[in-house]
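For reference, the structure is listed below as structure tokens.
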Amino acid sequence: MSKYTIAVVGATGAVGTKMIEMLENSTLPIRKIKILASKRSAGKKMMVNGLELMIEETTPEAFDGIDIALFSAGGSVSQQFAPEAVKRGAIVIDNTSAYRMDPTVPLVVPEVNPEALRGHAGIIANPNCSTIQMMVALEPIRKKYGLNRIIVSTYQAVSGAGIAAVKEMKEQAQQMLNDEPYEANILPSAGDKKHYPISFNVLPQIDLFAEEGYTFEEWKMMNETKKIMSDNEIKISATCVRVPVVSGHSESVYIEVKDESASVNAIKEILQSASGVELQDDPSTQIYPTPLEAEGKKETFVGRIRKDRDIKNGYHMWIVSDNLIKGAAWNSVQIAEKLHSMGLVKDK
Ligand code: A2P
């Protein structure tokens with residue numbers, strides 16, 4: 001069996017460091033891990049699998065000899081270097097939004113649509129973190145009862161905006177507690193004109209605003225859901241909100257199923273045996289998922305499953321997962337493991 005040389009692009013970042021952790025514990029046969037970041041980090045050292053490795057600058061030549069490249073260094077880095085990596089024979093698993101809606105690029109959640117990997121032409125996209133956990137929880141329900149509609153409101157953690165945003169949140173919290181002046185320079189979106197503090201606050205904007213009053217983050221959730229579920233008819237609308245949590249996205253999700261035979265108990269039963277899902281639902285003992293408890297775990301946690309009071313086929317639920325793990329690093333490494341087990345990584 002061949003062994004792979006794997007590159008992590010953005011190795012020093014919030015997601016990149018988790019990608020390395022997931023690779024260290026992966027079942028993939030790995031020969032070598034190469035850690036890439038910007039010129040700023042080149043020459044610095046990081047511990048990987050007990051070895052001190054040197055960070056290298058991301059250049060086209062850095063992908064020579066790479067079998068699989070995991071990208072999480074921002075969309076422009078992926079646009080610039082993913083084609084270079086593919087040209088050199090690597091399969092790219094891209095955690096940014098750069099290629100997600102490209103019809104030639106599979107957008108994959110391994111529990112939901114692993115077969116889409118078969119059509120890959122070098123690049124595979126990892127969906128948006130909020131989309132991934134929603135797909136893991138809803139696909140088993142959709143398989144059994146069909147799905148007409150999804151309305152989702154997210155409560156997203158700050159680590160989704162990177163290490164610098166987490167640092168800013170902590171500094172703001174400390175300054176506010178000390179009654180000192182504080183600054184806001186990153187959220188809701190580093191690229192936007194205006195910035196709000198996230199500590200002791202809630203921001204109803206993630207990414208920039210786009211068409212029809214929705215943000216890009218909301219469009220990502222709506223478009224990606226249709227692509228992953230291969231269903232353009234599904235009705236979906238999203239409201240994405242940033243909350244002062246370090247890691248772990250939460251979602252309040254309303255669904256309308258097609259089949260009238262569904263029930264709360266039947267949905268719980270389906271989720272109990274669904275791959276990648278852990279049901280945490282017992283109001284009598286206050287069992288429900290929270291982001292702090294989901295931190296560091298690979299599963300998607302579901303609770304608070306209720307029937308809508310007015311809509312016959314309507315159900316509500318609460319879905320939580322670690323945005324850096326299943327929402328990013330683990331889903332990417334899981335895609336790599338699937339590619340390997342499906343025999344889709346070329347032997348060099
Ligand atoms: P660096 O640490 O050298 O800046 P986060 O999402 O936590 O903000 O992390 C972003 C990641 O993307 C970091 O690893 C960062 O590396 C990397 N990165 C940023 N710009 C570039 C670039 N131009 N080329 C390669 N990696 C980059």
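Every chain in the structure tokens takes a letter, A first, then B, and so on in the order presented; its residues are numbered from 1, and the ligands are numbered from 1 following the presented order.
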Surrounding residues as a PyMOL selection string, ligand 1, max 8 Å, only C-alpha atoms and all ligand atoms: chain A and resi 9-16+36-42+57-58+72-74+76-77+159-165
Closest atom pairs, range 12-111 of chain A residues within 12 Å of range 297-308 of chain A, only C-alpha atoms, as JSON lines:
```
{"residue": "A:Lys18", "atom": "CA", "partner": "A:Lys297", "partner_atom": "CA", "distance": 11.3}
{"residue": "A:Met22", "atom": "CA", "partner": "A:Lys298", "partner_atom": "CA", "distance": 9.8}
{"residue": "A:Glu111", "atom": "CA", "partner": "A:Glu299", "partner_atom": "CA", "distance": 11.2}
```
Using only C-alpha atoms: which of A:Ile6, A:Glu168, A:Ile198, A:Leu28 has the shortest distance to Val92 in chain A: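 Closest to Val92 in chain A of all the choices is A:Ile6.
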Long-range neighbours of Glu217 in chain A as a PyMOL selection string, 7 Å cut-off, only C-alpha atoms, 6 positions minimum in chain: chain A and resi 206-207+240
Surrounding residues of Ala294 in chain A excluding itself and chain neighbours under 4 positions, 12 Å, only C-alpha atoms, as a VMD selection string: chain A and resid 133 157 245 to 250 277 to 278 280 288 to 290 298 to 302 319 to 327
Point-to-point distance from CA of Glu251 in chain A to CA of Ala238 in chain A, Å rounded to tenths: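 That distance, rounded to one decimal, is 10.1 Å.
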Gap from CA of Ala266 in chain A to CA of Pro283 in chain A - Å, one decimal: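 CA of Ala266 in chain A sits 17.1 Å away from CA of Pro283 in chain A.
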Counting only C-alpha atoms, the option among A:Glu224, A:Asp282, A:Glu218, A:Asp179 closest to Ile151 in chain A: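 Of the candidates, the smallest distance to Ile151 in chain A is held by A:Glu218.
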Neighbours of Leu208 in chain A within 10 Å (only C-alpha atoms; same-chain residues fewer than 4 positions away dropped), as an mmCIF file with C-alpha atoms, in the first residue's frame?
```
data_model
loop_
_atom_site.group_PDB
_atom_site.id
_atom_site.type_symbol
_atom_site.label_atom_id
_atom_site.label_comp_id
_atom_site.auth_asym_id
_atom_site.auth_seq_id
_atom_site.Cartn_x
_atom_site.Cartn_y
_atom_site.Cartn_z
ATOM 1 C CA PRO A 188 -18.204 41.082 11.814
ATOM 2 C CA SER A 189 -15.994 40.901 8.720
ATOM 3 C CA ALA A 190 -12.375 42.025 8.394
ATOM 4 C CA GLY A 191 -13.145 43.194 4.854
ATOM 5 C CA ASP A 192 -16.089 45.423 5.791
ATOM 6 C CA LYS A 193 -16.012 49.141 6.685
ATOM 7 C CA TYR A 214 -28.555 38.050 2.910
ATOM 8 C CA THR A 215 -24.836 37.798 3.778
ATOM 9 C CA PHE A 216 -22.409 35.615 1.851
ATOM 10 C CA GLU A 217 -22.341 33.214 4.818
ATOM 11 C CA GLU A 218 -26.117 32.824 4.519
#
```
Residue nearest Pro114 in chain A among A:Val257, A:Met229, A:Val241, A:Ala85 (counting only C-alpha atoms): A:Met229
DSSP strand (DSSP E or B) residues within range 61-297 of chain A, as a ChimeraX atom specification: /A:68-71,91-94,107,123-125,147-156,203,209,215,235-239,242,249-257,277-279,282,287
CA of Leu147 in chain A to CA of Lys235 in chain A, distance in Å rounded to a single decimal: 8.7 Å
Spatial neighbours of Ser199 in chain A, 9 Å, only C-alpha atoms, chain gap at least 2 places, as a ChimeraX atom specification: /A:168-173,176,197,201-202,243-245
Leu51 in chain A environment, 12 Å, only C-alpha atoms, sequence neighbours closer than 6 positions dropped, as a list in words: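 Surrounding residues, per the criterion: Glu24, Lys32, Ile33, Lys34 and Lys45 of chain A.
Among A:Lys167, A:Ser230, A:Leu271, A:Pro110, the residue with the shortest atom-to-atom distance to Ile132 in chain A, counting only C-alpha atoms, is A:Pro110.
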Backbone-only DSSP, alpha helix (DSSP H) members of range 91-272 of chain A, as a ChimeraX atom specification: /A:129-145,163-177,216-228,264-272
Could you turn the residues from that selection into a file that holds N, CA and C atoms, as a short mmCIF file (atom, residue, chain, number, x, y, z; two decimals), in the first residue's frame?
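Result file selection_38.cif:
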```
data_model
loop_
_atom_site.label_atom_id
_atom_site.label_comp_id
_atom_site.auth_asym_id
_atom_site.auth_seq_id
_atom_site.Cartn_x
_atom_site.Cartn_y
_atom_site.Cartn_z
N CYS A 129 -18.63 25.50 7.42
CA CYS A 129 -18.75 24.81 8.72
C CYS A 129 -20.21 24.66 9.17
N SER A 130 -21.00 25.71 9.02
CA SER A 130 -22.40 25.63 9.47
C SER A 130 -23.22 24.68 8.59
N THR A 131 -22.86 24.62 7.31
CA THR A 131 -23.57 23.71 6.41
C THR A 131 -23.28 22.26 6.79
N ILE A 132 -22.01 21.96 7.08
CA ILE A 132 -21.61 20.57 7.32
C ILE A 132 -22.45 19.96 8.45
N GLN A 133 -22.47 20.62 9.60
CA GLN A 133 -23.16 20.00 10.76
C GLN A 133 -24.65 19.87 10.50
N MET A 134 -25.22 20.82 9.76
CA MET A 134 -26.65 20.73 9.44
C MET A 134 -26.92 19.55 8.51
N MET A 135 -26.00 19.32 7.55
CA MET A 135 -26.18 18.19 6.63
C MET A 135 -26.09 16.85 7.36
N VAL A 136 -25.11 16.76 8.28
CA VAL A 136 -24.94 15.49 9.01
C VAL A 136 -26.22 15.14 9.77
N ALA A 137 -26.86 16.15 10.37
CA ALA A 137 -28.07 15.89 11.16
C ALA A 137 -29.31 15.70 10.29
N LEU A 138 -29.40 16.45 9.19
CA LEU A 138 -30.67 16.41 8.42
C LEU A 138 -30.72 15.32 7.37
N GLU A 139 -29.57 14.91 6.82
CA GLU A 139 -29.62 13.92 5.73
C GLU A 139 -30.31 12.61 6.15
N PRO A 140 -30.04 12.07 7.35
CA PRO A 140 -30.74 10.82 7.72
C PRO A 140 -32.26 11.01 7.80
N ILE A 141 -32.69 12.20 8.21
CA ILE A 141 -34.13 12.48 8.29
C ILE A 141 -34.69 12.62 6.87
N ARG A 142 -33.95 13.31 6.01
CA ARG A 142 -34.38 13.50 4.62
C ARG A 142 -34.49 12.17 3.89
N LYS A 143 -33.52 11.27 4.16
CA LYS A 143 -33.53 9.95 3.51
C LYS A 143 -34.81 9.22 3.81
N LYS A 144 -35.26 9.32 5.05
CA LYS A 144 -36.44 8.55 5.47
C LYS A 144 -37.75 9.27 5.12
N TYR A 145 -37.80 10.57 5.34
CA TYR A 145 -39.09 11.28 5.22
C TYR A 145 -39.14 12.35 4.13
N ILE A 163 -7.73 32.93 14.21
CA ILE A 163 -7.06 33.08 15.50
C ILE A 163 -7.07 34.55 15.96
N ALA A 164 -6.89 35.48 15.01
CA ALA A 164 -6.82 36.89 15.38
C ALA A 164 -8.14 37.37 15.97
N ALA A 165 -9.25 36.85 15.45
CA ALA A 165 -10.58 37.25 15.95
C ALA A 165 -10.79 36.74 17.38
N VAL A 166 -10.31 35.53 17.68
CA VAL A 166 -10.43 34.98 19.04
C VAL A 166 -9.61 35.83 20.00
N LYS A 167 -8.43 36.21 19.56
CA LYS A 167 -7.55 37.05 20.40
C LYS A 167 -8.24 38.37 20.69
N GLU A 168 -8.84 38.95 19.66
CA GLU A 168 -9.51 40.24 19.85
C GLU A 168 -10.68 40.10 20.83
N MET A 169 -11.45 39.01 20.71
CA MET A 169 -12.58 38.80 21.63
C MET A 169 -12.10 38.73 23.08
N LYS A 170 -11.01 37.99 23.30
CA LYS A 170 -10.51 37.82 24.67
C LYS A 170 -10.00 39.16 25.22
N GLU A 171 -9.31 39.91 24.37
CA GLU A 171 -8.81 41.22 24.81
C GLU A 171 -9.97 42.14 25.16
N GLN A 172 -11.00 42.15 24.30
CA GLN A 172 -12.17 43.00 24.58
C GLN A 172 -12.81 42.61 25.90
N ALA A 173 -12.94 41.31 26.14
CA ALA A 173 -13.59 40.84 27.38
C ALA A 173 -12.82 41.35 28.59
N GLN A 174 -11.48 41.21 28.52
CA GLN A 174 -10.65 41.66 29.63
C GLN A 174 -10.79 43.17 29.84
N GLN A 175 -10.75 43.90 28.71
CA GLN A 175 -10.85 45.37 28.81
C GLN A 175 -12.21 45.78 29.37
N MET A 176 -13.27 45.11 28.93
CA MET A 176 -14.61 45.45 29.41
C MET A 176 -14.73 45.16 30.90
N LEU A 177 -14.18 44.02 31.32
CA LEU A 177 -14.26 43.67 32.74
C LEU A 177 -13.47 44.66 33.60
N PHE A 216 -23.03 36.73 2.59
CA PHE A 216 -22.41 35.61 1.85
C PHE A 216 -22.48 34.32 2.65
N GLU A 217 -22.28 34.42 3.98
CA GLU A 217 -22.34 33.21 4.82
C GLU A 217 -23.72 32.55 4.67
N GLU A 218 -24.76 33.37 4.66
CA GLU A 218 -26.12 32.82 4.52
C GLU A 218 -26.33 32.23 3.13
N TRP A 219 -25.81 32.91 2.10
CA TRP A 219 -25.90 32.35 0.74
C TRP A 219 -25.14 31.03 0.64
N LYS A 220 -23.96 30.97 1.35
CA LYS A 220 -23.18 29.72 1.32
C LYS A 220 -24.05 28.58 1.85
N MET A 221 -24.68 28.80 3.01
CA MET A 221 -25.50 27.73 3.60
C MET A 221 -26.63 27.32 2.66
N MET A 222 -27.26 28.30 2.03
CA MET A 222 -28.43 28.01 1.19
C MET A 222 -28.01 27.29 -0.10
N ASN A 223 -26.96 27.81 -0.76
CA ASN A 223 -26.53 27.19 -2.02
C ASN A 223 -25.87 25.83 -1.81
N GLU A 224 -25.03 25.75 -0.77
CA GLU A 224 -24.30 24.49 -0.54
C GLU A 224 -25.25 23.36 -0.16
N THR A 225 -26.29 23.68 0.61
CA THR A 225 -27.26 22.65 1.00
C THR A 225 -27.87 22.01 -0.25
N LYS A 226 -28.27 22.86 -1.21
CA LYS A 226 -28.88 22.34 -2.44
C LYS A 226 -27.89 21.47 -3.21
N LYS A 227 -26.63 21.90 -3.25
CA LYS A 227 -25.64 21.12 -4.00
C LYS A 227 -25.35 19.78 -3.31
N ILE A 228 -25.15 19.80 -2.00
CA ILE A 228 -24.79 18.56 -1.29
C ILE A 228 -25.96 17.58 -1.33
N VAL A 264 -41.70 12.87 16.38
CA VAL A 264 -40.52 13.23 17.16
C VAL A 264 -39.75 11.97 17.55
N ASN A 265 -40.47 10.96 18.02
CA ASN A 265 -39.78 9.74 18.45
C ASN A 265 -39.08 9.03 17.30
N ALA A 266 -39.75 9.01 16.13
CA ALA A 266 -39.13 8.35 14.97
C ALA A 266 -37.89 9.11 14.54
N ILE A 267 -37.93 10.43 14.59
CA ILE A 267 -36.75 11.23 14.21
C ILE A 267 -35.61 10.97 15.20
N LYS A 268 -35.96 10.88 16.49
CA LYS A 268 -34.92 10.59 17.50
C LYS A 268 -34.28 9.23 17.22
N GLU A 269 -35.12 8.27 16.87
CA GLU A 269 -34.61 6.92 16.60
C GLU A 269 -33.65 6.92 15.42
N ILE A 270 -34.03 7.65 14.37
CA ILE A 270 -33.17 7.74 13.18
C ILE A 270 -31.82 8.36 13.56
N LEU A 271 -31.87 9.42 14.33
CA LEU A 271 -30.63 10.13 14.67
C LEU A 271 -29.75 9.33 15.62
N GLN A 272 -30.39 8.49 16.42
CA GLN A 272 -29.64 7.66 17.36
C GLN A 272 -28.66 6.74 16.63
#
```
For Ala69 in chain A, the nearest of the candidates A:Asn113, A:Asn178, A:Thr5, A:Asn25, counting only C-alpha atoms: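 Of the candidates, the smallest distance to Ala69 in chain A is held by A:Thr5.
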From A:Gly296, A:Gly314, A:Gly75, A:Gly119, residue lying nearest Ala329 in chain A [only C-alpha atoms]: A:Gly296
